[in-house]
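The structure file target.cif is reproduced below (mmCIF, C-alpha atoms).
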```
data_structure
loop_
_atom_site.label_atom_id
_atom_site.label_comp_id
_atom_site.auth_asym_id
_atom_site.auth_seq_id
_atom_site.Cartn_x
_atom_site.Cartn_y
_atom_site.Cartn_z
CA ARG A 4 17.21 25.75 -13.47
CA THR A 5 14.20 25.00 -15.68
CA TYR A 6 15.40 21.44 -16.28
CA VAL A 7 15.95 20.93 -12.53
CA ASP A 8 12.40 22.16 -11.83
CA ILE A 9 10.92 19.82 -14.44
CA VAL A 10 12.80 16.74 -13.20
CA SER A 11 12.02 17.58 -9.57
CA THR A 12 8.31 17.92 -10.38
CA ILE A 13 8.20 14.64 -12.31
CA VAL A 14 9.93 12.68 -9.53
CA SER A 15 8.26 14.23 -6.47
CA GLY A 16 4.88 15.05 -8.00
CA TYR A 17 5.04 18.60 -6.61
CA TYR A 18 5.89 21.95 -8.20
CA GLU A 19 7.71 24.26 -5.79
CA ARG A 20 6.97 27.96 -5.82
CA GLY A 21 8.46 29.82 -2.87
CA ASP A 22 6.98 28.63 0.42
CA ILE A 23 4.45 26.30 -1.26
CA GLU A 24 4.73 23.05 -3.24
CA TYR A 25 1.65 22.46 -5.41
CA GLY A 26 0.51 18.91 -6.21
CA PRO A 27 0.75 16.04 -6.63
CA TYR A 28 0.12 16.77 -10.30
CA PHE A 29 -1.05 13.20 -11.07
CA THR A 30 -4.09 13.62 -8.75
CA VAL A 31 -5.49 16.81 -10.32
CA PHE A 32 -7.96 14.74 -12.37
CA SER A 33 -9.12 11.14 -12.08
CA PHE A 34 -12.37 9.19 -12.38
CA ASN A 35 -14.19 6.23 -10.85
CA ALA A 36 -17.68 4.72 -10.78
CA VAL A 37 -18.66 6.40 -7.50
CA GLU A 38 -17.37 9.96 -7.92
CA GLY A 39 -17.50 10.22 -11.69
CA ALA A 40 -14.93 12.82 -12.76
CA ARG A 41 -12.85 13.82 -9.73
CA PHE A 42 -10.98 17.13 -9.52
CA ARG A 43 -8.41 17.76 -6.80
CA VAL A 44 -6.19 20.66 -5.74
CA GLY A 45 -3.64 20.48 -2.97
CA GLY A 46 -0.21 21.42 -1.75
CA ARG A 47 2.25 21.49 1.10
CA THR A 48 4.79 23.86 2.56
CA SER A 49 8.31 23.71 1.15
CA ASN A 50 11.70 23.53 2.84
CA GLN A 51 12.00 27.26 2.19
CA PHE A 52 9.01 27.75 4.52
CA SER A 53 10.54 25.55 7.27
CA LYS A 54 12.90 22.63 7.70
CA TRP A 55 11.31 21.76 11.05
CA VAL A 56 7.58 21.68 10.34
CA GLU A 57 5.47 20.88 7.28
CA PHE A 58 1.77 21.53 6.59
CA GLU A 59 -0.26 20.02 3.78
CA GLY A 60 -3.86 19.94 2.63
CA TYR A 61 -6.16 19.25 -0.29
CA THR A 62 -9.76 19.31 -1.40
CA ALA A 63 -11.46 17.23 -4.09
CA TYR A 64 -14.87 17.18 -5.76
CA GLY A 65 -16.70 14.44 -7.66
CA THR A 66 -19.16 15.38 -10.40
CA LEU A 67 -21.26 12.21 -9.91
CA ASP A 68 -21.63 12.09 -6.12
CA GLU A 69 -21.48 15.91 -5.93
CA ARG A 70 -19.46 15.81 -2.70
CA PHE A 71 -16.39 17.63 -1.47
CA LYS A 72 -13.62 15.60 0.19
CA PHE A 73 -10.64 17.05 1.98
CA GLY A 74 -7.65 16.34 4.17
CA ILE A 75 -5.24 18.34 6.33
CA ALA A 76 -2.05 17.18 8.00
CA THR A 77 1.15 18.36 9.60
CA ARG A 78 4.43 16.79 10.65
CA GLY A 79 7.44 18.23 12.34
CA PHE A 80 10.53 17.62 14.41
CA ILE A 81 10.56 17.88 18.15
CA SER A 82 14.24 16.98 17.90
CA LYS A 83 16.54 16.08 14.99
CA GLN A 84 19.28 14.54 17.14
CA PRO A 85 17.91 12.14 18.23
CA ARG A 86 15.23 11.97 15.53
CA LEU A 87 11.84 12.62 17.17
CA LEU A 88 9.04 13.34 14.70
CA TYR A 89 5.30 13.95 15.23
CA ARG A 90 2.48 13.58 12.72
CA LEU A 91 -1.13 14.82 12.94
CA GLY A 92 -3.81 14.47 10.30
CA TYR A 93 -7.50 14.41 9.46
CA LYS A 94 -9.17 13.37 6.23
CA HIS A 95 -12.62 12.53 4.90
CA ASP A 96 -12.24 10.86 1.53
CA ILE A 97 -12.83 7.73 -0.54
CA GLU A 98 -10.46 4.73 -0.41
CA GLN A 99 -10.02 1.30 -1.97
CA LEU A 100 -9.64 -1.30 0.77
CA GLY A 101 -7.41 -4.26 -0.06
CA GLN A 102 -4.97 -2.11 -2.02
CA SER A 103 -1.27 -2.23 -1.22
CA VAL A 104 0.70 0.79 -0.06
CA ASN A 105 2.74 0.49 -3.27
CA ALA A 106 -0.27 0.70 -5.60
CA PHE A 107 -1.46 3.74 -7.51
CA ARG A 108 -3.39 6.09 -5.27
CA ASN A 109 -7.14 5.90 -5.75
CA ASP A 110 -7.08 9.43 -7.25
CA ASN A 111 -4.08 8.84 -9.53
CA ILE A 112 -5.03 9.46 -13.15
CA LEU A 113 -2.89 6.48 -14.26
CA GLY A 114 -4.80 4.24 -11.86
CA SER A 115 -8.04 5.39 -13.49
CA VAL A 116 -6.82 4.94 -17.07
CA PHE A 117 -5.13 1.56 -16.63
CA ARG A 118 -7.78 -0.20 -14.55
CA VAL A 119 -8.91 -3.65 -15.64
CA ASN A 120 -12.26 -3.69 -13.78
CA PRO A 121 -14.69 -0.90 -12.80
CA ASN A 122 -13.68 0.86 -9.58
CA ASN A 123 -17.05 0.47 -7.82
CA LYS A 124 -16.32 -1.20 -4.43
CA LEU A 125 -15.10 1.87 -2.57
CA THR A 126 -15.25 3.00 1.05
CA ASP A 127 -15.97 6.40 2.56
CA VAL A 128 -13.30 6.89 5.25
CA GLU A 129 -13.25 9.58 7.92
CA GLN A 130 -9.97 9.34 9.81
CA TRP A 131 -8.18 11.11 12.65
CA LYS A 132 -4.55 10.12 13.15
CA ALA A 133 -1.71 11.14 15.47
CA SER A 134 1.71 9.53 15.86
CA LEU A 135 5.11 10.01 17.44
CA GLU A 136 8.23 8.46 15.88
CA ARG A 137 11.53 8.03 17.73
CA GLU A 138 14.84 6.75 16.38
CA TRP A 139 16.79 5.29 19.28
CA PHE A 140 19.90 4.70 17.19
CA THR A 141 20.63 4.38 13.47
CA GLY A 142 18.37 1.71 12.03
CA PHE A 143 16.13 1.20 15.10
CA THR A 144 12.84 3.12 15.16
CA ASN A 145 9.60 3.01 17.15
CA GLU A 146 6.35 4.73 16.25
CA VAL A 147 3.33 5.04 18.55
CA MET A 148 0.09 5.84 16.71
CA PHE A 149 -3.56 6.54 17.52
CA ARG A 150 -6.07 6.21 14.70
CA TYR A 151 -9.84 6.69 14.75
CA ARG A 152 -11.79 5.70 11.63
CA THR A 153 -15.39 5.63 10.45
CA LEU A 154 -16.05 3.40 7.42
CA GLN A 155 -19.10 3.52 5.15
CA PRO A 156 -19.64 1.39 2.02
CA LEU A 157 -19.98 3.08 -1.38
CA GLY A 158 -20.83 1.91 -4.87
CA THR A 159 -21.69 -1.79 -5.03
CA LEU A 160 -20.03 -2.45 -1.67
CA ARG A 161 -22.46 -3.49 1.09
CA TYR A 162 -22.21 -4.05 4.83
CA GLU A 163 -24.96 -6.63 5.51
CA LYS A 164 -25.65 -8.60 8.69
CA LEU A 165 -27.93 -11.58 9.28
CA ASP A 166 -29.89 -11.10 12.52
CA GLU A 167 -31.01 -13.91 14.82
CA ASP A 168 -34.45 -14.00 13.16
CA LEU A 169 -32.65 -14.51 9.81
CA THR A 170 -33.56 -11.07 8.49
CA LEU A 171 -30.96 -9.22 6.47
CA ARG A 172 -29.97 -5.81 7.88
CA ASN A 173 -27.74 -3.12 6.39
CA VAL A 174 -24.95 -1.81 8.61
CA ASN A 175 -24.31 1.81 7.77
CA THR A 176 -21.01 2.47 9.56
CA ILE A 177 -18.08 0.76 11.26
CA ARG A 178 -16.09 2.72 13.84
CA THR A 179 -12.70 1.80 15.28
CA ALA A 180 -10.34 3.44 17.75
CA GLU A 181 -6.90 1.86 17.48
CA VAL A 182 -3.60 2.29 19.32
CA SER A 183 -0.55 0.74 17.67
CA LEU A 184 3.19 0.34 18.10
CA ASN A 185 5.39 -0.07 15.02
CA THR A 186 9.00 -1.22 15.33
CA ARG A 187 11.63 -1.32 12.58
CA PHE A 188 15.23 -2.49 12.85
CA LEU A 189 18.06 -2.78 10.32
CA TYR A 190 21.57 -3.07 11.68
CA HIS A 191 24.07 -0.64 10.10
CA GLU A 192 21.38 0.93 7.89
CA LYS A 193 22.41 3.70 5.48
CA PHE A 194 20.09 6.48 4.24
CA VAL A 195 19.72 9.15 1.64
CA SER A 196 18.02 11.87 3.69
CA GLY A 197 15.84 14.81 2.80
CA GLU A 198 14.62 17.28 5.38
CA PHE A 199 11.74 15.02 6.47
CA ASP A 200 11.88 11.78 4.46
CA ARG A 201 14.66 9.19 4.27
CA LEU A 202 15.34 6.42 1.77
CA SER A 203 17.21 3.30 2.83
CA VAL A 204 19.95 2.56 0.28
CA GLY A 205 22.80 0.19 -0.40
CA PHE A 206 23.29 -3.52 0.10
CA ASN A 207 23.12 -4.68 3.71
CA LYS A 208 24.07 -8.18 4.81
CA TYR A 209 21.54 -7.99 7.65
CA PRO A 210 17.75 -8.43 7.29
CA THR A 211 15.20 -5.70 7.91
CA LEU A 212 12.87 -6.62 10.78
CA GLU A 213 9.45 -5.03 11.31
CA LEU A 214 6.77 -5.64 13.93
CA HIS A 215 3.30 -4.06 14.08
CA VAL A 216 1.11 -4.49 17.18
CA ALA A 217 -2.34 -2.84 17.38
CA TYR A 218 -5.19 -2.83 19.88
CA GLY A 219 -8.77 -1.78 19.11
CA ALA A 220 -10.36 -0.10 22.14
CA PRO A 221 -14.15 -0.78 22.32
CA GLY A 222 -16.37 2.10 23.38
CA LEU A 223 -13.69 4.75 22.94
CA PHE A 224 -15.41 7.52 20.92
CA ASP A 225 -18.19 4.96 20.19
CA SER A 226 -15.73 2.45 18.72
CA ASP A 227 -17.54 -0.78 17.85
CA TYR A 228 -14.92 -3.50 18.27
CA GLU A 229 -12.20 -4.87 20.51
CA TYR A 230 -9.34 -6.65 18.81
CA THR A 231 -5.60 -7.23 18.79
CA LYS A 232 -3.50 -7.47 15.65
CA VAL A 233 0.11 -8.58 15.29
CA VAL A 234 2.05 -8.50 11.99
CA GLY A 235 5.73 -9.40 11.61
CA ARG A 236 7.85 -8.91 8.50
CA ILE A 237 11.41 -9.89 7.47
CA TYR A 238 13.00 -8.40 4.34
CA LYS A 239 16.40 -9.48 2.98
CA ARG A 240 18.35 -8.85 -0.20
CA PHE A 241 20.93 -11.44 -1.26
CA GLN A 242 23.80 -10.59 -3.62
CA LEU A 243 24.70 -13.68 -5.71
CA GLY A 244 27.64 -12.47 -7.78
CA ALA A 245 27.41 -13.21 -11.50
CA ALA A 246 24.02 -14.87 -10.97
CA GLY A 247 22.43 -11.55 -10.00
CA TRP A 248 20.58 -10.77 -6.79
CA THR A 249 17.44 -11.84 -4.94
CA ARG A 250 15.10 -10.05 -2.57
CA THR A 251 12.68 -11.87 -0.27
CA THR A 252 9.94 -10.77 2.10
CA LEU A 253 8.40 -13.14 4.64
CA GLU A 254 5.34 -11.83 6.48
CA GLY A 255 2.88 -13.31 8.96
CA GLY A 256 -0.01 -11.94 10.98
CA LYS A 257 -2.85 -12.85 13.31
CA THR A 258 -5.97 -11.03 14.50
CA TRP A 259 -7.73 -11.80 17.78
CA GLY A 260 -11.38 -10.77 18.16
CA THR A 261 -14.63 -11.14 16.23
CA LEU A 262 -14.63 -8.62 13.39
CA PRO A 263 -16.37 -7.68 10.13
CA TYR A 264 -14.40 -8.31 6.95
CA PRO A 265 -13.16 -4.69 6.44
CA LEU A 266 -11.20 -4.99 9.72
CA LEU A 267 -9.65 -8.37 8.93
CA THR A 268 -6.68 -8.92 6.63
CA VAL A 269 -7.91 -8.16 3.12
CA HIS A 270 -5.10 -9.55 1.00
CA SER A 271 -3.71 -7.05 -1.48
CA GLY A 272 -4.93 -7.52 -5.02
CA ASN A 273 -4.36 -5.52 -8.18
CA GLU A 274 -6.97 -4.56 -10.79
CA THR A 275 -4.74 -2.34 -12.93
CA LEU A 276 -2.17 -3.00 -15.65
CA TYR A 277 0.52 -1.58 -13.35
CA LEU A 278 2.97 -4.12 -11.90
CA ASP A 279 2.73 -3.89 -8.10
CA ASP A 280 5.70 -5.39 -6.26
CA VAL A 281 3.92 -5.87 -2.92
CA SER A 282 0.53 -7.19 -4.04
CA PHE A 283 -0.77 -10.25 -5.87
CA ASN A 284 -1.14 -9.02 -9.43
CA THR A 285 -3.66 -11.69 -10.50
CA MET A 286 -5.82 -11.38 -7.37
CA ARG A 287 -8.97 -9.26 -7.39
CA PHE A 288 -9.76 -6.72 -4.68
CA PHE A 289 -11.69 -8.36 -1.80
CA GLU A 290 -11.09 -11.83 -3.25
CA PHE A 291 -9.37 -13.31 -0.17
CA ILE A 292 -9.48 -12.43 3.52
CA SER A 293 -7.90 -14.02 6.60
CA ASP A 294 -7.62 -13.60 10.34
CA ARG A 295 -4.24 -15.36 10.35
CA TYR A 296 -1.83 -15.79 7.47
CA ILE A 297 1.75 -16.19 6.30
CA GLN A 298 3.06 -15.05 2.93
CA LEU A 299 6.29 -15.13 0.96
CA PHE A 300 7.45 -12.85 -1.86
CA ALA A 301 10.68 -13.79 -3.68
CA GLU A 302 12.11 -11.98 -6.72
CA HIS A 303 15.35 -12.73 -8.56
CA HIS A 304 17.12 -10.32 -10.94
CA PHE A 305 19.48 -12.22 -13.28
CA GLU A 306 21.24 -9.03 -14.46
CA GLY A 307 21.67 -10.35 -18.03
CA LEU A 308 22.95 -13.82 -17.08
CA PHE A 309 21.20 -15.34 -20.12
CA PHE A 310 20.45 -12.37 -22.39
CA ASN A 311 24.11 -11.32 -22.49
CA ARG A 312 24.86 -14.53 -24.35
CA VAL A 313 22.68 -13.35 -27.27
CA PRO A 314 24.39 -10.52 -29.24
CA LEU A 315 21.23 -8.54 -30.04
CA LEU A 316 19.86 -8.77 -26.50
CA ARG A 317 23.28 -7.88 -25.09
CA ARG A 318 23.25 -4.66 -27.15
CA LEU A 319 19.73 -3.84 -25.96
CA LYS A 320 20.91 -4.39 -22.34
CA TRP A 321 17.68 -6.12 -21.38
CA ARG A 322 17.67 -7.98 -18.08
CA GLU A 323 15.76 -11.06 -16.94
CA VAL A 324 13.68 -11.17 -13.76
CA ALA A 325 11.55 -13.89 -12.14
CA CYS A 326 9.16 -13.72 -9.20
CA PHE A 327 7.15 -16.05 -6.97
CA LYS A 328 4.45 -15.06 -4.45
CA ALA A 329 2.35 -17.20 -2.12
CA VAL A 330 0.03 -16.70 0.83
CA ALA A 331 -1.57 -19.27 3.13
CA GLY A 332 -4.20 -18.36 5.69
CA ASP A 333 -7.38 -19.21 7.53
CA LEU A 334 -10.62 -17.55 8.59
CA GLU A 335 -12.78 -18.52 11.56
CA SER A 336 -16.51 -18.79 10.95
CA LYS A 337 -17.30 -16.50 13.92
CA HIS A 338 -16.55 -13.46 11.76
CA TYR A 339 -19.58 -14.23 9.56
CA GLU A 340 -21.78 -13.17 12.50
CA GLU A 341 -20.58 -9.56 12.14
CA LEU A 342 -20.97 -9.08 8.40
CA LEU A 343 -21.79 -11.38 5.53
CA LEU A 344 -18.93 -11.84 3.10
CA LEU A 345 -19.26 -10.26 -0.31
CA GLN A 346 -20.13 -12.35 -3.32
CA ASN A 347 -16.95 -13.99 -4.66
CA MET A 348 -15.04 -13.32 -1.42
CA TYR A 349 -13.20 -16.30 0.03
CA GLY A 350 -11.00 -17.59 2.80
CA LEU A 351 -7.86 -19.52 1.87
CA TYR A 352 -9.46 -22.84 2.80
CA ASN A 353 -8.11 -24.93 -0.10
CA GLY A 354 -4.44 -24.21 0.41
CA PRO A 355 -2.24 -21.25 -0.46
CA PHE A 356 -2.80 -18.78 -3.26
CA MET A 357 0.25 -18.66 -5.54
CA GLU A 358 1.44 -16.82 -8.62
CA ALA A 359 4.70 -16.82 -10.58
CA SER A 360 6.06 -14.44 -13.19
CA ALA A 361 8.83 -13.98 -15.71
CA GLY A 362 9.77 -10.59 -17.01
CA ILE A 363 12.18 -8.30 -18.79
CA GLU A 364 13.50 -5.10 -17.23
CA ASN A 365 15.63 -2.21 -18.52
CA ILE A 366 13.51 -1.93 -21.68
CA PHE A 367 14.36 1.52 -23.08
CA LYS A 368 16.29 1.95 -19.79
CA VAL A 369 13.09 2.54 -17.76
CA LEU A 370 10.42 -0.11 -18.47
CA ARG A 371 9.78 -3.52 -16.94
CA ALA A 372 7.14 -5.95 -18.29
CA ASP A 373 6.08 -9.25 -16.67
CA ILE A 374 3.92 -12.20 -17.73
CA ILE A 375 2.24 -13.53 -14.59
CA TRP A 376 0.81 -17.01 -14.10
CA ARG A 377 -1.92 -17.53 -11.51
CA LEU A 378 -1.21 -21.01 -10.13
CA ARG A 379 -4.22 -21.62 -7.83
CA TYR A 380 -7.95 -20.83 -7.52
CA ASN A 381 -8.41 -20.38 -11.27
CA ASP A 382 -12.09 -21.41 -10.98
CA HIS A 383 -13.02 -18.12 -9.28
CA PRO A 384 -15.30 -15.82 -11.35
CA GLY A 385 -13.67 -12.88 -13.06
CA THR A 386 -10.13 -14.28 -12.89
CA SER A 387 -7.65 -15.27 -15.57
CA PRO A 388 -4.71 -17.72 -15.35
CA PHE A 389 -2.40 -15.26 -17.12
CA ALA A 390 -1.86 -11.50 -16.95
CA LEU A 391 0.52 -8.93 -18.40
CA ARG A 392 1.73 -6.13 -16.14
CA ALA A 393 4.31 -3.34 -16.62
CA LYS A 394 5.86 -0.50 -14.65
CA ILE A 395 8.47 2.21 -14.95
CA VAL A 396 11.71 1.57 -13.04
CA ILE A 397 14.52 4.10 -12.92
CA ASN A 398 17.83 2.55 -11.84
CA PHE A 399 20.85 4.70 -11.10
#
```

Output the file's structure as structure tokens, nothing else.
Amino acid sequence: RTYVDIVSTIVSGYYERGDIEYGPYFTVFSFNAVEGARFRVGGRTSNQFSKWVEFEGYTAYGTLDERFKFGIATRGFISKQPRLLYRLGYKHDIEQLGQSVNAFRNDNILGSVFRVNPNNKLTDVEQWKASLEREWFTGFTNEVMFRYRTLQPLGTLRYEKLDEDLTLRNVNTIRTAEVSLNTRFLYHEKFVSGEFDRLSVGFNKYPTLELHVAYGAPGLFDSDYEYTKVVGRIYKRFQLGAAGWTRTTLEGGKTWGTLPYPLLTVHSGNETLYLDDVSFNTMRFFEFISDRYIQLFAEHHFEGLFFNRVPLLRRLKWREVACFKAVAGDLESKHYEELLLLQNMYGLYNGPFMEASAGIENIFKVLRADIIWRLRYNDHPGTSPFALRAKIVINF
């Protein structure tokens, strides 16, 4: 039972004790240039408490800014057959804009330790969120969401606007009230299901289709901007027999409206030594923004196609992997009227940004390490044409 508890805590990040799960353990302590040392305590209710409703909350304190941050949330089933799930949440905390959903959390101790650059362009975010998710049949899901956010710059981040008389004015806050509809479809999808979360598993010959449509309502709760955003995504895994397998993601999006840069598409960069599958690992945070874009991620796993021909490497059971990522986009000049771009922030005016990598996975059964080559825009300050990134991968 002790071993089960340890493994469960390592994988989930939470330690279960009766009705409460304490954690995540990797957020108890972290540090950044704005908060200094950050201490956090939190938890959520366990399945022993209820298999229909879950409550969670946390509070955090920074020794440098001397501020408390906190968040509370709940989710629960209205119905399990069909799956009808609600979510409600409020938080007032610090975030890193331009960070992918797959990256280390801002308060993850590993993200603090393995950063390449100082974490000093942060944003104070106050957010109210409510959503309702419905599965119409296996693999087809809709989610309706309302989100209200107030953004304030922190650290070296600035919101600055040039008035008509050419005077520079600081903008203290940005407020948005957004209604969105998210759609996801994968024909004949299979899951591993917990009480609340599900993980899509197994090879599927059909692609995963996703569509996100959002509308910003001006004036609602003093919201500042009106806009419409549409993002579409296609994900597909190809099994290639003895040659291994490939996964590809094609994504495109467009934003209508005149907006400041935090509300546009801030392309996902990575300023840690951690290998992030869904970001550009040689791109800095806030380096590129767009109001319309298309990007492609392609990754091929050779499964020992070449290494198995070398006796020593065959015994080590190392595996080869290669990756290519590219994004092309544009940015209309009208957005400059809302906020000035940051220093060393760019649109993708000179063609697509691209990077390629070659790596080895299954090192000691759990480690993957990649050498990444930045193919374009190598004249930008603070960038390097090559980078080394690694991550832990557990394959069953």

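Going from CA of Arg161 (chain A) to CA of Asn35 (chain A) covers 17.5 Å.
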
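Our summary of the geometry notes that CA of Leu278 (chain A) is positioned 20.8 Å from CA of Lys320 (chain A).
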
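With distances restricted to all atoms listed in the file, A:Asn111 is the closest residue to Phe42 (chain A) from A:Ser293, A:Asn111, A:Thr77, A:Asn207.
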
Using the chain letters and numbering of this document, enumerate as a ChimeraX atom specification the residues selected by the PyMOL selection byres ((chain A and resi 372) around 6). /A:362-363,371,373,392-393

Long-range neighbours of Gln242 (chain A) as number ranges by chain, 12 Å cut-off, only C-alpha atoms, 3 positions minimum in chain: A: 205-209, 239, 245-251, 303-306
